[in-house]
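Visitor: mmCIF, C-alpha atoms, file start-v9.cif:
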```cif
data_coords
#
loop_
_atom_site.label_atom_id
_atom_site.label_comp_id
_atom_site.auth_asym_id
_atom_site.auth_seq_id
_atom_site.Cartn_x
_atom_site.Cartn_y
_atom_site.Cartn_z
CA MET A 1 0.00 0.00 0.00
CA ASN A 2 1.40 3.35 -1.08
CA LYS A 3 0.23 6.19 1.16
CA LYS A 4 2.46 8.80 -0.46
CA VAL A 5 0.45 11.49 -2.27
CA GLN A 6 2.06 13.78 -4.84
CA LEU A 7 0.91 17.35 -4.23
CA GLN A 8 0.61 19.73 -7.18
CA ASP A 9 -0.66 23.32 -6.97
CA LEU A 10 -1.69 24.26 -10.51
CA GLY A 11 -2.48 27.89 -9.68
CA ASN A 12 -5.16 29.48 -11.89
CA LYS A 13 -5.94 27.02 -14.67
CA ASP A 14 -8.68 26.54 -17.26
CA TYR A 15 -11.30 23.98 -16.20
CA LYS A 16 -11.12 21.83 -19.34
CA GLU A 17 -7.31 21.72 -19.28
CA THR A 18 -7.42 20.64 -15.64
CA TRP A 19 -10.11 18.04 -16.31
CA ASP A 20 -7.99 16.59 -19.13
CA TYR A 21 -5.00 16.50 -16.78
CA GLN A 22 -7.08 14.74 -14.11
CA GLU A 23 -8.11 12.14 -16.70
CA GLN A 24 -4.44 11.63 -17.60
CA LEU A 25 -3.44 11.01 -13.96
CA PHE A 26 -6.53 8.85 -13.41
CA LYS A 27 -5.59 6.69 -16.41
CA GLN A 28 -2.00 6.43 -15.15
CA ILE A 29 -3.23 4.92 -11.87
CA VAL A 30 -5.75 2.59 -13.53
CA ASP A 31 -3.11 1.38 -16.03
CA SER A 32 -0.73 0.67 -13.12
CA LYS A 33 -3.41 -1.41 -11.42
CA ILE A 34 -4.09 -3.41 -14.59
CA GLN A 35 -0.38 -4.10 -15.08
CA ASN A 36 -0.12 -5.24 -11.46
CA ARG A 37 -2.60 -8.06 -12.09
CA ASN A 38 0.14 -10.06 -13.80
CA ALA A 39 3.15 -8.56 -12.03
CA ASN A 40 5.16 -10.19 -9.29
CA PRO A 41 6.15 -8.26 -7.29
CA GLN A 42 3.48 -5.63 -7.78
CA LEU A 43 4.53 -2.03 -8.19
CA PRO A 44 3.03 0.66 -5.93
CA THR A 45 0.29 2.71 -7.58
CA PRO A 46 0.69 6.51 -7.41
CA ASN A 47 -1.66 9.01 -5.72
CA PHE A 48 -2.08 12.70 -6.51
CA PHE A 49 -3.65 15.76 -4.90
CA LEU A 50 -4.23 18.80 -7.10
CA PHE A 51 -5.00 22.31 -5.85
CA VAL A 52 -6.34 24.70 -8.48
CA GLU A 53 -8.29 27.90 -8.95
CA HIS A 54 -10.48 28.07 -12.06
CA PRO A 55 -11.66 31.04 -14.12
CA HIS A 56 -15.46 31.45 -13.89
CA VAL A 57 -17.05 28.15 -14.89
CA TYR A 58 -20.25 26.17 -14.25
CA THR A 59 -20.13 22.36 -14.27
CA LEU A 60 -23.02 19.91 -14.35
CA GLY A 61 -22.67 16.35 -13.00
CA LYS A 62 -23.86 13.33 -14.94
CA SER A 63 -27.12 13.12 -12.99
CA GLY A 64 -27.67 16.89 -13.01
CA ASP A 65 -30.60 18.84 -14.45
CA MET A 66 -29.86 21.44 -17.14
CA SER A 67 -32.75 23.57 -15.85
CA ASN A 68 -30.60 24.37 -12.79
CA LEU A 69 -28.44 26.58 -15.04
CA LEU A 70 -30.32 29.87 -15.24
CA LEU A 71 -28.24 31.45 -18.02
CA SER A 72 -28.33 31.21 -21.80
CA GLU A 73 -25.18 30.67 -23.84
CA LYS A 74 -25.01 34.40 -24.61
CA GLN A 75 -25.46 35.34 -20.95
CA LEU A 76 -22.66 32.95 -19.98
CA GLU A 77 -20.40 34.63 -22.50
CA ALA A 78 -21.33 38.09 -21.20
CA LYS A 79 -20.33 37.04 -17.70
CA GLY A 80 -17.01 35.64 -18.90
CA ALA A 81 -18.03 32.16 -17.79
CA THR A 82 -17.88 28.74 -19.42
CA PHE A 83 -20.03 25.64 -18.94
CA TYR A 84 -19.25 21.89 -19.05
CA LYS A 85 -21.20 18.69 -18.57
CA ILE A 86 -18.81 16.40 -16.72
CA ASN A 87 -18.48 12.84 -15.40
CA ARG A 88 -18.68 13.37 -11.65
CA GLY A 89 -21.64 12.80 -9.37
CA GLY A 90 -23.83 15.64 -8.17
CA ASP A 91 -25.71 18.41 -9.95
CA ILE A 92 -24.54 21.91 -10.94
CA THR A 93 -21.91 24.02 -9.24
CA TYR A 94 -19.73 27.06 -9.83
CA HIS A 95 -15.96 27.44 -9.72
CA GLY A 96 -14.09 30.72 -9.86
CA PRO A 97 -11.44 33.02 -8.38
CA GLY A 98 -11.28 33.07 -4.59
CA GLN A 99 -12.33 29.43 -4.34
CA ILE A 100 -10.01 26.60 -3.31
CA VAL A 101 -10.62 23.55 -5.48
CA GLY A 102 -9.03 20.24 -4.48
CA TYR A 103 -8.86 17.15 -6.68
CA PRO A 104 -7.57 14.05 -4.86
CA ILE A 105 -6.77 11.42 -7.49
CA LEU A 106 -6.17 8.41 -5.30
CA ASP A 107 -6.03 4.66 -5.55
CA LEU A 108 -8.33 4.02 -2.59
CA GLU A 109 -6.94 0.49 -2.33
CA ASN A 110 -3.90 2.23 -0.84
CA PHE A 111 -6.13 3.55 1.96
CA PHE A 112 -9.54 1.81 2.25
CA THR A 113 -12.21 0.61 -0.16
CA ASP A 114 -15.23 2.62 0.92
CA ILE A 115 -16.56 5.54 -1.17
CA HIS A 116 -18.91 6.64 1.61
CA LYS A 117 -15.98 6.84 4.04
CA TYR A 118 -13.93 8.70 1.42
CA LEU A 119 -16.57 11.43 1.08
CA ARG A 120 -17.06 11.71 4.84
CA LEU A 121 -13.30 12.13 5.39
CA LEU A 122 -13.09 14.82 2.71
CA GLU A 123 -15.94 16.62 4.47
CA GLU A 124 -14.17 16.17 7.80
CA ALA A 125 -10.96 17.75 6.47
CA ILE A 126 -12.98 20.85 5.53
CA ILE A 127 -14.96 20.88 8.79
CA LEU A 128 -11.73 20.73 10.82
CA THR A 129 -10.17 23.48 8.69
CA LEU A 130 -13.18 25.77 9.18
CA ALA A 131 -13.09 25.12 12.93
CA GLU A 132 -9.63 26.71 13.05
CA TYR A 133 -11.35 29.93 11.96
CA ASN A 134 -14.18 29.47 14.49
CA ILE A 135 -16.60 28.60 11.68
CA ILE A 136 -18.83 25.66 12.63
CA GLY A 137 -19.22 23.45 9.56
CA ALA A 138 -21.44 20.38 9.51
CA ARG A 139 -22.94 17.73 7.27
CA SER A 140 -26.51 17.96 6.05
CA GLU A 141 -28.20 14.56 5.80
CA GLY A 142 -28.52 13.40 2.21
CA GLU A 143 -26.62 16.44 0.87
CA THR A 144 -22.90 15.88 0.26
CA GLY A 145 -20.63 18.78 1.15
CA VAL A 146 -20.15 21.09 4.13
CA TRP A 147 -22.84 23.40 5.43
CA LEU A 148 -23.31 26.08 8.07
CA GLY A 149 -26.47 26.56 10.09
CA VAL A 150 -27.82 23.08 9.37
CA LYS A 151 -31.38 22.59 10.67
CA THR A 152 -31.93 26.35 10.90
CA PRO A 153 -33.76 28.68 8.48
CA PHE A 154 -30.32 30.05 7.55
CA ALA A 155 -28.67 26.87 6.27
CA ARG A 156 -25.95 27.75 3.75
CA LYS A 157 -23.39 25.74 1.82
CA ILE A 158 -19.73 26.67 2.06
CA CYS A 159 -18.10 23.67 0.35
CA ALA A 160 -19.44 21.60 -2.56
CA MET A 161 -18.25 18.08 -3.33
CA GLY A 162 -18.64 15.76 -6.29
CA VAL A 163 -16.47 12.79 -7.15
CA ARG A 164 -16.08 10.01 -9.67
CA ALA A 165 -14.61 6.62 -8.80
CA SER A 166 -13.79 3.61 -10.96
CA ARG A 167 -11.67 0.58 -10.01
CA TRP A 168 -11.34 2.36 -6.63
CA VAL A 169 -9.56 5.30 -8.28
CA THR A 170 -11.01 8.75 -7.54
CA MET A 171 -11.13 12.05 -9.39
CA HIS A 172 -12.86 15.45 -9.08
CA GLY A 173 -13.29 16.54 -5.46
CA PHE A 174 -14.24 19.62 -3.43
CA ALA A 175 -14.64 23.39 -3.86
CA LEU A 176 -14.37 25.57 -0.75
CA ASN A 177 -15.61 29.15 -1.00
CA VAL A 178 -12.93 31.28 0.62
CA ASN A 179 -13.00 34.72 -1.03
CA ALA A 180 -15.25 33.81 -3.98
CA ASP A 181 -17.72 36.25 -5.57
CA LEU A 182 -20.99 34.64 -4.47
CA GLY A 183 -22.96 36.61 -7.04
CA TYR A 184 -22.08 33.95 -9.60
CA PHE A 185 -24.14 31.42 -7.64
CA ASP A 186 -27.25 33.49 -8.39
CA ASN A 187 -27.09 32.15 -11.95
CA ILE A 188 -27.70 28.54 -10.90
CA ILE A 189 -29.67 26.45 -8.43
CA PRO A 190 -26.53 25.25 -6.59
CA CYS A 191 -26.33 21.46 -6.46
CA GLY A 192 -29.96 21.45 -7.58
CA ILE A 193 -31.07 22.33 -4.03
CA LYS A 194 -33.69 25.08 -3.89
CA GLY A 195 -34.19 27.43 -0.98
CA LYS A 196 -30.72 27.21 0.56
CA ALA A 197 -28.04 29.86 0.32
CA VAL A 198 -24.32 29.72 -0.42
CA THR A 199 -21.67 31.40 1.70
CA SER A 200 -17.90 31.86 1.94
CA MET A 201 -15.26 32.19 4.65
CA HIS A 202 -14.92 35.86 3.66
CA VAL A 203 -18.63 36.51 4.25
CA GLU A 204 -18.72 34.59 7.52
CA LEU A 205 -15.61 36.29 8.94
CA GLY A 206 -16.14 39.71 7.40
CA LYS A 207 -12.59 39.86 6.09
CA HIS A 208 -10.32 38.57 3.33
CA VAL A 209 -8.86 35.15 4.14
CA ASP A 210 -5.34 33.99 3.23
CA GLU A 211 -5.97 31.16 0.75
CA ASN A 212 -2.48 29.67 1.06
CA GLU A 213 -2.97 29.40 4.81
CA VAL A 214 -6.30 27.62 4.26
CA LYS A 215 -4.64 25.18 1.83
CA GLU A 216 -1.98 24.34 4.41
CA LYS A 217 -4.66 23.56 7.01
CA ILE A 218 -6.68 21.42 4.57
CA LEU A 219 -3.57 19.41 3.70
CA ARG A 220 -2.65 18.87 7.35
CA HIS A 221 -6.10 17.50 8.14
CA PHE A 222 -6.20 15.46 4.93
CA GLN A 223 -2.86 13.83 5.83
CA ASN A 224 -4.02 13.00 9.36
CA LEU A 225 -7.42 11.62 8.32
CA PHE A 226 -6.08 9.53 5.43
CA GLU A 227 -2.80 8.65 7.20
CA ALA A 228 -1.14 9.95 4.04
CA VAL A 229 2.29 11.44 3.39
CA MET A 230 2.32 14.46 1.07
CA ILE A 231 5.36 14.64 -1.21
#
```
Could you write out this file's structure as structure tokens?

Guide:
Amino acid sequence: MNKKVQLQDLGNKDYKETWDYQEQLFKQIVDSKIQNRNANPQLPTPNFFLFVEHPHVYTLGKSGDMSNLLLSEKQLEAKGATFYKINRGGDITYHGPGQIVGYPILDLENFFTDIHKYLRLLEEAIILTLAEYNIIGARSEGETGVWLGVKTPFARKICAMGVRASRWVTMHGFALNVNADLGYFDNIIPCGIKGKAVTSMHVELGKHVDENEVKEKILRHFQNLFEAVMI
């Protein structure tokens, strides 16, 4: 079992380019696993963790509803945003500047073979990170991601999650609103969930938040929860 995870911070990068790169790394892991079927000894399969910030983009998961995008093609263009239908779970979400996006591309057989546990640990890494800023994050039953004010009239989502897994290899991941412009969420029904708001660390704290500091905290909690070693 290889618990080493190669960390790459891609900076600000186009969504489609990043998606293609994820697919490349995903295929690399899957190919390694296939080769290992007939190999003796077996070679360790790699793991990756990508941080990225995307230009304005809306993405719709494979089970998502197009009606949750409230903009026409021309309106998207006017807002400087792009749109993609993609192969993760979940409905529609937004990515843009001021948001920390994390894509763990892992061979879960290096850690555990449980997708439910994988999602809960990703949520926990975000919940623990938010707690360091005195923001109380929580899970909302039946709604993947991290929320504030659960079971109150002011429930609001601060971190969206959507993943794909095949042969126990993961891709896609989470998007934490740190200093994001929340106005872009007005153009969609986020995650297809009506009547609930979206928030950010900036809104909750009333000040700009150091994104590099947040990344460091996320990584520390990710390493502890997954018993991983970042390289």

Visitor: Pick from A:Ala180, A:Pro46, A:Thr199, A:Asn36: nearest to Gly149 (chain A), with all atoms listed in the file counted?

Guide: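 Among the listed residues, the smallest separation from Gly149 (chain A) belongs to A:Thr199.
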
Visitor: Can you tell me, as a list in words, which residues sit within 12 Å of (1.2, 10.5, 2.7) in the file's frame, using all atoms listed in the file?

Guide: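 Checked against the point, the hits come out as Met1, Asn2, Lys3, Lys4, Val5, Gln6, Leu7, Pro46, Asn47, Phe48, Phe49, Leu106, Asn110, Phe111, Leu219, Arg220, His221, Phe222, Gln223, Asn224, Leu225, Phe226, Glu227, Ala228, Val229, Met230 and Ile231 of chain A.
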
Visitor: Expand the PyMOL selection byres ((chain A and resi 81) around 9) into the explicit residue set it covers here, and present it as a list of chain:residue names.

Guide: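 For this structure, the PyMOL selection byres ((chain A and resi 81) around 9) resolves to A:Pro55, A:His56, A:Val57, A:Tyr58, A:Gln75, A:Leu76, A:Glu77, A:Ala78, A:Lys79, A:Gly80, A:Thr82, A:Phe83, A:Gly96.
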
Visitor: Taking into account only C-alpha atoms, which residue in the set A:Ser166, A:Ser67, A:Asn12, A:Ser32 is nearest to Leu50 (chain A)?

Guide: A:Asn12

Visitor: Can you work out which one of A:Ala160, A:Ala197, A:Leu130, A:Val30 has the shortest atom-to-atom distance to Gln99 (chain A), counting all atoms listed in the file?

Guide: A:Ala160

Visitor: Assuming the chain letters and numbering stay as they are in my file, what does the PyMOL selection byres ((chain A and resi 136) around 10) actually select? List them as a PDB file with C-alpha atoms, keeping the file's coordinate frame.

Guide:
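For reference, expr_23.pdb as written:
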```pdb
ATOM      1  CA  ILE A 127     -14.960  20.880   8.790  1.00  0.00           C
ATOM      2  CA  LEU A 128     -11.730  20.730  10.820  1.00  0.00           C
ATOM      3  CA  THR A 129     -10.170  23.480   8.690  1.00  0.00           C
ATOM      4  CA  LEU A 130     -13.180  25.770   9.180  1.00  0.00           C
ATOM      5  CA  ALA A 131     -13.090  25.120  12.930  1.00  0.00           C
ATOM      6  CA  GLU A 132      -9.630  26.710  13.050  1.00  0.00           C
ATOM      7  CA  TYR A 133     -11.350  29.930  11.960  1.00  0.00           C
ATOM      8  CA  ASN A 134     -14.180  29.470  14.490  1.00  0.00           C
ATOM      9  CA  ILE A 135     -16.600  28.600  11.680  1.00  0.00           C
ATOM     10  CA  GLY A 137     -19.220  23.450   9.560  1.00  0.00           C
ATOM     11  CA  ALA A 138     -21.440  20.380   9.510  1.00  0.00           C
ATOM     12  CA  VAL A 146     -20.150  21.090   4.130  1.00  0.00           C
ATOM     13  CA  TRP A 147     -22.840  23.400   5.430  1.00  0.00           C
ATOM     14  CA  LEU A 148     -23.310  26.080   8.070  1.00  0.00           C
ATOM     15  CA  GLY A 149     -26.470  26.560  10.090  1.00  0.00           C
ATOM     16  CA  VAL A 150     -27.820  23.080   9.370  1.00  0.00           C
TER      17      VAL A 150
END
```

Visitor: List as a PyMOL selection string the protein and nucleic acid residues near region 203-213 of chain A, meaning an atom at most 8 Å away when only C-alpha atoms are counted, but skip any in the same chain fewer than 5 places from it.

Guide: chain A and resi 98+100+135+178-179

Visitor: Show me, as a list in words, the residues that have an atom within 8 Å of Phe174 (chain A) when counting all atoms listed in the file, minus same-chain residues fewer than 3 positions from it.

Guide: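 Final neighbour list, sorted by chain and number: Val101, Gly102, Tyr103, Leu122, Gly145, Cys159, Ala160, Met161 and Gly162 of chain A.
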
Visitor: Looking at A:Lys74, A:Arg167, A:Lys62, A:His172, which one is nearest to Gly89 (chain A), with distances taken over only C-alpha atoms?

Guide: A:Lys62

Visitor: Go through A:Glu17, A:Phe112, A:Gln24, A:Ile126 and flag the residue nearest Glu216 (chain A), using only C-alpha atoms for the distances.

Guide: A:Ile126

Visitor: Which polymer residues, protein or nucleic acid, are no farther than 10 Å from (-25.7, 15.0, -13.1), counting only C-alpha atoms, as a ChimeraX atom specification?

Guide: /A:59-66,85-92,162,191-192

Visitor: Report the distance between CA of Thr152 (chain A) and CA of Ser200 (chain A) in Å, rounded to one decimal place.

Guide: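 So the two atoms, CA of Thr152 (chain A) and CA of Ser200 (chain A), lie 17.5 Å apart.
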
Visitor: If I take CA of Glu123 (chain A) and CA of Met201 (chain A), how far is one from the other in Å, to one decimal?

Guide: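 Between CA of Glu123 (chain A) and CA of Met201 (chain A) the gap is 15.6 Å.
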